[in-house]
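Q: So that you have it, the file is work-v3.cif, and it contains mmCIF, C-alpha atoms:
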```cif
data_data
loop_
_atom_site.label_atom_id
_atom_site.label_comp_id
_atom_site.auth_asym_id
_atom_site.auth_seq_id
_atom_site.Cartn_x
_atom_site.Cartn_y
_atom_site.Cartn_z
CA MET J 1 67.87 -31.19 76.55
CA VAL J 2 64.91 -31.96 74.30
CA GLU J 3 65.34 -31.24 70.59
CA ALA J 4 63.82 -27.90 69.61
CA ASP J 5 61.46 -29.52 67.10
CA THR J 6 60.17 -32.19 69.51
CA SER J 7 56.40 -32.25 69.13
CA TYR J 8 53.97 -31.77 72.00
CA ASN J 9 50.24 -32.46 71.92
CA CYS J 10 48.11 -29.96 73.79
CA ILE J 11 44.51 -29.46 74.80
CA ALA J 12 43.08 -26.36 76.43
CA PHE J 13 39.67 -25.40 77.76
CA TYR J 14 38.57 -21.82 78.40
CA GLY J 15 35.79 -19.69 79.83
CA ASN J 16 35.25 -22.17 82.63
CA ASP J 17 32.62 -21.70 85.31
CA GLU J 18 33.62 -20.75 88.82
CA THR J 19 34.14 -24.04 90.63
CA ASP J 20 34.28 -24.88 94.31
CA TYR J 21 37.28 -26.26 96.16
CA LEU J 22 35.91 -29.82 96.09
CA ILE J 23 35.82 -29.89 92.29
CA ASN J 24 39.28 -28.29 92.04
CA ALA J 25 40.72 -30.87 94.43
CA ARG J 26 39.09 -33.74 92.56
CA LEU J 27 40.46 -32.53 89.23
CA LEU J 28 43.97 -32.25 90.65
CA GLN J 29 43.73 -35.76 92.06
CA CYS J 30 42.49 -37.06 88.68
CA ILE J 31 45.49 -35.44 86.97
CA LEU J 32 47.93 -36.94 89.46
CA ASN J 33 46.39 -40.41 89.09
CA TRP J 34 46.49 -40.14 85.29
CA MET J 35 50.15 -39.10 85.26
CA GLU J 36 51.10 -41.96 87.56
CA SER J 37 49.17 -44.44 85.39
CA LEU J 38 51.42 -43.42 82.47
CA ASN J 39 54.54 -43.83 84.60
CA CYS J 40 55.05 -40.10 84.21
CA CYS J 41 55.13 -39.32 87.91
CA PRO J 42 55.08 -35.63 88.91
CA ASP J 43 58.45 -34.08 89.76
CA VAL J 44 57.60 -30.47 90.50
CA MET J 45 54.37 -28.67 91.31
CA SER J 46 53.07 -25.24 92.26
CA ILE J 47 49.76 -24.66 94.01
CA HIS J 48 47.77 -21.46 94.17
CA GLY J 49 45.39 -20.71 96.99
CA GLU J 50 45.36 -19.55 100.59
CA GLY J 51 47.92 -21.45 102.63
CA TYR J 52 50.02 -22.63 99.65
CA THR J 53 53.29 -21.52 98.06
CA PRO J 54 52.72 -20.54 94.40
CA LYS J 55 56.24 -21.59 93.38
CA LEU J 56 57.42 -24.68 91.56
CA LEU J 57 58.77 -26.91 94.32
CA SER J 58 59.43 -30.62 94.57
CA PHE J 59 56.30 -32.70 94.20
CA LYS J 60 57.06 -34.52 97.44
CA ARG J 61 57.11 -31.24 99.36
CA GLN J 62 53.96 -29.91 97.74
CA ARG J 63 52.09 -33.17 98.20
CA SER J 64 52.84 -33.07 101.93
CA LYS J 65 51.30 -29.60 102.01
CA LEU J 66 48.26 -30.81 100.08
CA ILE J 67 47.68 -33.63 102.55
CA LYS J 68 48.12 -31.26 105.47
CA MET J 69 45.57 -28.89 103.91
CA SER J 70 43.24 -31.79 102.99
CA PHE J 71 43.38 -30.55 99.37
CA ASN J 72 41.37 -27.44 100.41
CA ASN J 73 41.55 -23.87 99.06
CA ILE J 74 43.06 -24.76 95.66
CA THR J 75 42.56 -21.99 93.09
CA GLY J 76 45.12 -23.23 90.56
CA PHE J 77 48.07 -25.52 90.02
CA ASN J 78 50.94 -26.40 87.71
CA VAL J 79 52.22 -29.98 87.83
CA ILE J 80 55.09 -31.24 85.67
CA SER J 81 56.69 -34.59 84.97
CA THR J 82 60.24 -34.33 83.63
CA GLY J 83 61.00 -38.02 84.20
CA ASP J 84 64.56 -39.23 83.77
CA SER J 85 64.83 -37.69 80.31
CA TYR J 86 65.45 -34.04 81.17
CA LEU J 87 67.35 -32.13 83.81
CA ASN J 88 64.38 -29.82 84.47
CA HIS J 89 61.24 -28.56 82.72
CA PHE J 90 63.19 -25.77 80.96
CA HIS J 91 65.05 -28.52 79.07
CA GLY J 92 61.91 -30.48 78.25
CA TYR J 93 59.20 -32.46 79.94
CA LEU J 94 56.90 -35.43 79.55
CA ILE J 95 53.69 -33.81 80.82
CA ASN J 96 52.88 -30.27 81.88
CA VAL J 97 49.42 -29.42 83.28
CA VAL J 98 48.40 -25.86 84.14
CA ALA J 99 45.01 -24.98 85.62
CA SER J 100 43.53 -21.76 86.96
CA PHE J 101 40.20 -21.58 88.76
CA ASP J 102 40.68 -17.91 89.64
CA SER J 103 37.77 -15.51 89.15
CA ASP J 104 39.75 -13.48 86.60
CA GLU J 105 41.30 -16.30 84.57
CA ARG J 106 39.84 -19.77 84.31
CA TYR J 107 41.49 -22.30 82.02
CA PHE J 108 42.83 -25.85 81.97
CA VAL J 109 45.80 -26.84 79.79
CA ILE J 110 47.49 -30.21 79.24
CA SER J 111 50.70 -30.52 77.20
CA ILE J 112 52.24 -33.96 76.64
CA ASN J 113 55.30 -35.14 74.74
CA ASP J 114 54.22 -36.84 71.51
CA GLN J 115 56.35 -39.85 72.42
CA CYS J 116 54.11 -40.41 75.44
CA MET J 117 50.73 -40.00 73.78
CA SER J 118 49.33 -39.05 70.37
CA ILE J 119 46.97 -36.13 69.91
CA ASP J 120 44.15 -38.50 68.95
CA HIS J 121 44.64 -40.59 72.07
CA LEU J 122 44.76 -37.45 74.23
CA ASN J 123 41.44 -36.18 72.88
CA ASN J 124 39.74 -39.52 73.44
CA LEU J 125 40.58 -39.77 77.13
CA GLN J 126 37.69 -39.94 79.57
CA LEU J 127 39.75 -37.50 81.63
CA ILE J 128 39.21 -34.80 79.00
CA GLN J 129 35.45 -35.26 79.15
CA SER J 130 35.58 -35.04 82.95
CA ILE J 131 37.57 -31.80 82.85
CA ALA J 132 35.19 -30.11 80.41
CA ASP J 133 32.10 -31.32 82.28
CA SER J 134 33.39 -30.39 85.73
CA THR J 135 34.53 -26.90 84.75
CA GLY J 136 31.67 -25.96 82.41
CA SER J 137 34.11 -25.01 79.66
CA LYS J 138 32.84 -22.61 76.98
CA TYR J 139 35.49 -23.35 74.34
CA GLY J 140 38.42 -25.66 73.73
CA ILE J 141 41.22 -26.34 71.28
CA SER J 142 43.73 -29.12 70.72
CA TYR J 143 46.87 -28.79 68.61
CA GLN J 144 50.47 -29.89 68.10
CA ARG J 145 53.38 -27.50 68.64
CA SER J 146 57.13 -27.91 68.83
CA PHE J 147 59.00 -27.40 72.09
CA ASP J 148 60.85 -24.31 70.84
CA LYS J 149 57.51 -22.57 70.25
CA GLY J 150 56.26 -22.98 73.81
CA PRO J 151 53.35 -25.40 73.40
CA GLU J 152 51.90 -24.79 76.87
CA TRP J 153 52.43 -21.02 76.68
CA TYR J 154 50.72 -20.81 73.31
CA ALA J 155 47.52 -22.05 74.97
CA LEU J 156 47.53 -18.89 77.10
CA GLY J 157 48.19 -16.58 74.17
CA ILE J 158 51.90 -16.33 74.89
CA GLY J 159 53.58 -17.35 71.66
CA THR J 160 57.04 -17.58 70.23
CA GLY J 161 57.89 -17.55 66.58
CA ASP J 162 60.47 -16.72 63.95
CA GLU J 163 61.46 -13.10 64.56
CA ASN J 164 62.59 -12.89 60.93
CA SER J 165 59.13 -13.82 59.65
CA PRO J 166 56.75 -10.82 59.55
CA GLU J 167 53.79 -13.14 59.02
CA GLU J 168 54.67 -15.27 62.03
CA SER J 169 55.27 -12.19 64.17
CA LEU J 170 51.80 -10.90 63.31
CA GLU J 171 50.30 -14.23 64.34
CA VAL J 172 52.11 -14.09 67.67
CA GLU J 173 50.66 -10.62 68.24
CA ARG J 174 47.16 -11.75 67.28
CA HIS J 175 47.21 -14.69 69.67
CA GLY J 176 48.59 -12.39 72.34
CA ARG J 177 45.58 -10.09 71.95
CA TRP J 178 43.32 -13.10 72.21
CA GLY J 179 45.08 -14.22 75.39
CA LEU J 180 44.43 -10.85 77.00
CA ARG J 181 40.71 -11.43 76.55
CA MET J 182 40.51 -14.95 77.94
CA ASP J 183 38.49 -13.69 80.90
CA ASP J 184 35.88 -12.09 78.60
CA GLU J 185 33.14 -14.62 77.83
CA GLU J 186 32.02 -12.53 74.84
CA ILE J 187 35.12 -13.71 72.98
CA TYR J 188 33.71 -17.24 73.04
CA LYS J 189 30.51 -16.09 71.34
CA GLY J 190 31.72 -13.93 68.47
CA SER J 191 34.68 -15.86 67.10
CA ILE J 192 36.97 -18.85 67.27
CA ARG J 193 40.65 -18.42 68.03
CA ASP J 194 41.81 -20.26 64.92
CA LEU J 195 41.34 -23.60 63.20
CA TYR J 196 42.83 -26.65 64.93
CA PRO J 197 42.67 -30.42 64.48
CA TYR J 198 40.22 -30.49 67.41
CA ASN J 199 37.86 -27.56 68.01
CA TYR J 200 35.45 -27.69 70.96
CA VAL J 201 32.84 -25.11 69.94
CA ASN J 202 29.68 -23.83 71.59
CA ASP J 203 26.24 -23.04 70.14
CA PHE J 204 27.05 -19.34 69.70
CA GLN J 205 30.11 -20.20 67.62
CA LEU J 206 28.17 -22.73 65.54
CA LYS J 207 25.78 -19.93 64.54
CA LEU J 208 28.59 -17.72 63.18
CA MET J 209 28.45 -17.13 59.44
CA ILE J 210 31.13 -18.59 57.19
CA GLY J 211 30.50 -17.58 53.63
CA GLU J 212 26.71 -17.66 53.29
CA MET J 213 26.13 -20.45 55.80
CA ARG J 214 26.07 -20.82 59.55
CA LEU J 215 29.15 -22.68 60.73
CA LYS J 216 27.15 -25.72 61.85
CA ASP J 217 25.49 -26.03 58.43
CA PHE J 218 28.80 -25.41 56.67
CA ILE J 219 30.47 -28.30 58.52
CA THR J 220 27.64 -30.79 58.06
CA ALA J 221 27.04 -29.89 54.40
CA ASP J 222 30.29 -31.37 53.12
CA ALA J 223 32.55 -34.13 54.47
CA ASN J 224 35.50 -32.06 53.23
CA HIS J 225 34.65 -29.52 55.96
CA GLY J 226 35.41 -31.99 58.74
CA SER J 227 33.11 -33.78 61.14
CA LEU J 228 30.88 -32.47 63.93
CA ILE J 229 29.70 -34.49 66.92
CA THR J 230 28.14 -33.66 70.26
CA PHE J 231 30.82 -33.60 72.98
CA ASN J 232 28.79 -32.67 76.05
CA SER J 233 25.80 -30.50 76.97
CA THR J 234 27.53 -27.24 76.01
CA LEU J 235 30.19 -28.15 73.43
CA SER J 236 30.39 -29.85 70.06
CA LEU J 237 33.61 -31.28 68.65
CA TRP J 238 34.62 -30.09 65.19
CA ARG J 239 37.36 -32.35 63.91
CA VAL J 240 39.37 -31.27 60.85
CA THR J 241 42.49 -32.60 59.17
CA GLU J 242 45.49 -30.42 58.36
CA GLU J 243 44.55 -30.56 54.66
CA GLN J 244 41.01 -29.41 55.45
CA ILE J 245 42.33 -26.62 57.65
CA ALA J 246 44.46 -25.32 54.77
CA ARG J 247 41.38 -25.19 52.51
CA ILE J 248 38.87 -23.81 55.04
CA ARG J 249 40.98 -21.23 56.89
CA PRO J 250 41.10 -18.56 54.13
CA LEU J 251 37.28 -18.52 53.98
CA ALA J 252 37.07 -18.48 57.78
CA VAL J 253 39.41 -15.48 57.92
CA GLU J 254 37.53 -13.68 55.14
CA SER J 255 34.22 -14.33 56.92
CA GLY J 256 35.59 -12.93 60.17
CA ILE J 257 34.93 -15.93 62.39
CA ILE J 258 38.63 -16.26 63.28
CA TYR J 259 39.62 -13.77 65.94
CA SER J 260 41.58 -10.84 64.56
#
```
Could you render the structure as structure tokens?
A:
Amino acid sequence: MVEADTSYNCIAFYGNDETDYLINARLLQCILNWMESLNCCPDVMSIHGEGYTPKLLSFKRQRSKLIKMSFNNITGFNVISTGDSYLNHFHGYLINVVASFDSDERYFVISINDQCMSIDHLNNLQLIQSIADSTGSKYGISYQRSFDKGPEWYALGIGTGDENSPEESLEVERHGRWGLRMDDEEIYKGSIRDLYPYNYVNDFQLKLMIGEMRLKDFITADANHGSLITFNSTLSLWRVTEEQIARIRPLAVESGIIYS
């Protein structure tokens, strides 16, 4: 079983556009090719959509179904590589990818063991650009989280924390409230979820006020506020270090741009 404090690097995109089956199938195939290129071949997979079984079954069995269905009708999937290191994904995994293209919840989450790939490498993959472009993502985050705190579940607002820490319990509740609103595009206009090493923000978010400045101006005014670059036609990438996060977050909370 993986050590509880084993670090996982995650990236998540939200508020995605409604996509057709061809795009969904292409994204799944891109994920499968990427995992195989890392020698992290899929072991188990679930597929959502008419004609599929939405349960985690052996990859071999699910792939046969995909081929039979010509990769049609996919509305979501979960594909996991446990490799030879772990008995099953409850004990640890190498890669875990969860995607939903459903009309009510649309997101795309990748969680990868830090021993397989660093967070910087993950965020510089062409695959990440393709996912955001293909799905029309409205917001994205990338972070590190230990296995015992459910790195992939945190992306969906389902958090675990120290039950003996009132502060941590409040944060779990706050992220849970955010998760319940993932299908509401207004949430991606009026706030950011929190501050992360990688923040994929849209134009509405860049116009939010932090202190007496718009967020975009705040970032570009001082190198100590991180860096801001264009990511694609709808998102900019705000990159901040852990030290910068510690300095900026109190002002961001006070200004109300972090979801509460």
Q: Rounded to one decimal in Å, what is the spacing between atom CA of Val201 of chain J and atom CA of Gly159 of chain J?
A: 22.2 Å
Q: With all atoms listed in the file counted, which protein, DNA or RNA residues have an atom no more than 10 Å from (47.3, -35.1, 83.1) in the file frame? Please answer as a PDB file with C-alpha atoms, keeping the file's coordinate frame.
A:
```pdb
ATOM      1  CA  LEU J  27      40.460 -32.530  89.230  1.00  0.00           C
ATOM      2  CA  LEU J  28      43.970 -32.250  90.650  1.00  0.00           C
ATOM      3  CA  GLN J  29      43.730 -35.760  92.060  1.00  0.00           C
ATOM      4  CA  CYS J  30      42.490 -37.060  88.680  1.00  0.00           C
ATOM      5  CA  ILE J  31      45.490 -35.440  86.970  1.00  0.00           C
ATOM      6  CA  LEU J  32      47.930 -36.940  89.460  1.00  0.00           C
ATOM      7  CA  ASN J  33      46.390 -40.410  89.090  1.00  0.00           C
ATOM      8  CA  TRP J  34      46.490 -40.140  85.290  1.00  0.00           C
ATOM      9  CA  MET J  35      50.150 -39.100  85.260  1.00  0.00           C
ATOM     10  CA  GLU J  36      51.100 -41.960  87.560  1.00  0.00           C
ATOM     11  CA  SER J  37      49.170 -44.440  85.390  1.00  0.00           C
ATOM     12  CA  LEU J  38      51.420 -43.420  82.470  1.00  0.00           C
ATOM     13  CA  CYS J  40      55.050 -40.100  84.210  1.00  0.00           C
ATOM     14  CA  PRO J  42      55.080 -35.630  88.910  1.00  0.00           C
ATOM     15  CA  VAL J  79      52.220 -29.980  87.830  1.00  0.00           C
ATOM     16  CA  ILE J  80      55.090 -31.240  85.670  1.00  0.00           C
ATOM     17  CA  SER J  81      56.690 -34.590  84.970  1.00  0.00           C
ATOM     18  CA  ILE J  95      53.690 -33.810  80.820  1.00  0.00           C
ATOM     19  CA  ASN J  96      52.880 -30.270  81.880  1.00  0.00           C
ATOM     20  CA  VAL J  97      49.420 -29.420  83.280  1.00  0.00           C
ATOM     21  CA  VAL J  98      48.400 -25.860  84.140  1.00  0.00           C
ATOM     22  CA  VAL J 109      45.800 -26.840  79.790  1.00  0.00           C
ATOM     23  CA  ILE J 110      47.490 -30.210  79.240  1.00  0.00           C
ATOM     24  CA  SER J 111      50.700 -30.520  77.200  1.00  0.00           C
ATOM     25  CA  ILE J 112      52.240 -33.960  76.640  1.00  0.00           C
ATOM     26  CA  LEU J 122      44.760 -37.450  74.230  1.00  0.00           C
ATOM     27  CA  LEU J 127      39.750 -37.500  81.630  1.00  0.00           C
ATOM     28  CA  ILE J 128      39.210 -34.800  79.000  1.00  0.00           C
TER      29      ILE J 128
END
```
Q: So, counting all atoms listed in the file, which residue among J:Ile67, J:Ala223, J:Ile74, J:Val172 is closest to His48 of chain J?
A: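 Result for the nearest residue to His48 of chain J: J:Ile74.
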Q: How would you write as a PyMOL selection string the residues that get within 6 Å of (61.0, -28.8, 73.6) in the file's frame, counting all atoms listed in the file?
A: chain J and resi 2-4+6+92+147-148
Q: Give the answer as one residue: which of J:Tyr93, J:Tyr259, J:Phe101, J:Tyr198 has the shortest atom-to-atom distance to Gly176 of chain J, using all atoms listed in the file?
A: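 Closest to Gly176 of chain J of all the choices is J:Tyr259.
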Q: With a distance cut-off of 10 Å and all atoms listed in the file, select the neighbouring residues of Asn9 of chain J, excluding the residue or stretch itself and same-chain residues fewer than 5 positions from it, and output the selection as a list in words.
A: Ile95, Ile110, Ser111, Ile112, Asn113, Asp114, Gln115, Cys116, Met117, Ser118, Ile119, Asp120, His121, Leu122, Asn123, Ser142, Tyr143, Gln144, Arg145, Ser146, Pro151 and Glu152 of chain J
Q: Wanna dump the segment 147-175 of chain J-segment 191-194 of chain J contacts at 10 Å for me, each residue with its shortest atom pair and the distance in Å to one decimal, counting only C-alpha atoms, ordered by chain and number, as JSON lines?
A:
```
{"residue": "J:Gly157", "atom": "CA", "partner": "J:Arg193", "partner_atom": "CA", "distance": 9.9}
{"residue": "J:Arg174", "atom": "CA", "partner": "J:Arg193", "partner_atom": "CA", "distance": 9.4}
{"residue": "J:His175", "atom": "CA", "partner": "J:Arg193", "partner_atom": "CA", "distance": 7.7}
```
Q: As a PyMOL selection string, please: the residues near Ser46 of chain J (cut-off 8 Å, only C-alpha atoms, same-chain neighbours under 3 positions excluded).
A: chain J and resi 53-57+62+77-79
Q: Using the file's own x, y and z axes, what box holds all listed atoms of segment 20-28 of chain J with 6 Å on each side, keeping edges along x, y and z, and what are its centre and edge lengths in Å to one decimal, as AutoDock Vina command-line options?
A:
```
--center_x 39.1 --center_y -29.3 --center_z 92.7 --size_x 21.7 --size_y 20.9 --size_z 18.9
```
Q: Run through the PyMOL selection byres ((chain J and resi 215-220) around 10) on the given coordinates and return the selected residues as number ranges by chain.
A: J: 201, 203-214, 221-229, 236, 238-240, 252, 257
Q: Using all atoms listed in the file, can you tell me which of J:Ile23, J:Met45, J:Ile141, J:Ala132 comes closest to Phe71 of chain J?
A: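 Counting all atoms listed in the file, the residue closest to Phe71 of chain J is J:Ile23.
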Q: For Ser100 of chain J, which residue among J:Ser130, J:Asn72, J:Ser169, J:Thr19 is the nearest when counting all atoms listed in the file?
A: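 Closest residue, counting all atoms listed in the file: J:Thr19.
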Q: Quick one: everything within 9 Å of Gly140 of chain J, counting only C-alpha atoms, minus sequence neighbours fewer than 6 positions away in the same chain. Send it as a PyMOL selection string.
A: chain J and resi 11-15+132+198-201+235+237
Q: Asp17 of chain J: which residues within 9 Å, counting all atoms listed in the file, same-chain residues fewer than 6 positions away excluded, as number ranges by chain?
A: J: 101, 103, 106, 134-138
Q: Rounded to one decimal place, report the atom CA of Arg177 of chain J-atom CA of Tyr154 of chain J distance in Å.
A: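 Rounded to one decimal, the two atoms are 12.0 Å apart.
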Q: Please report the interatomic distance between atom CA of Glu185 of chain J and atom CA of Ile258 of chain J in Å with one decimal.
A: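 Rounded to one decimal, the two atoms are 15.6 Å apart.
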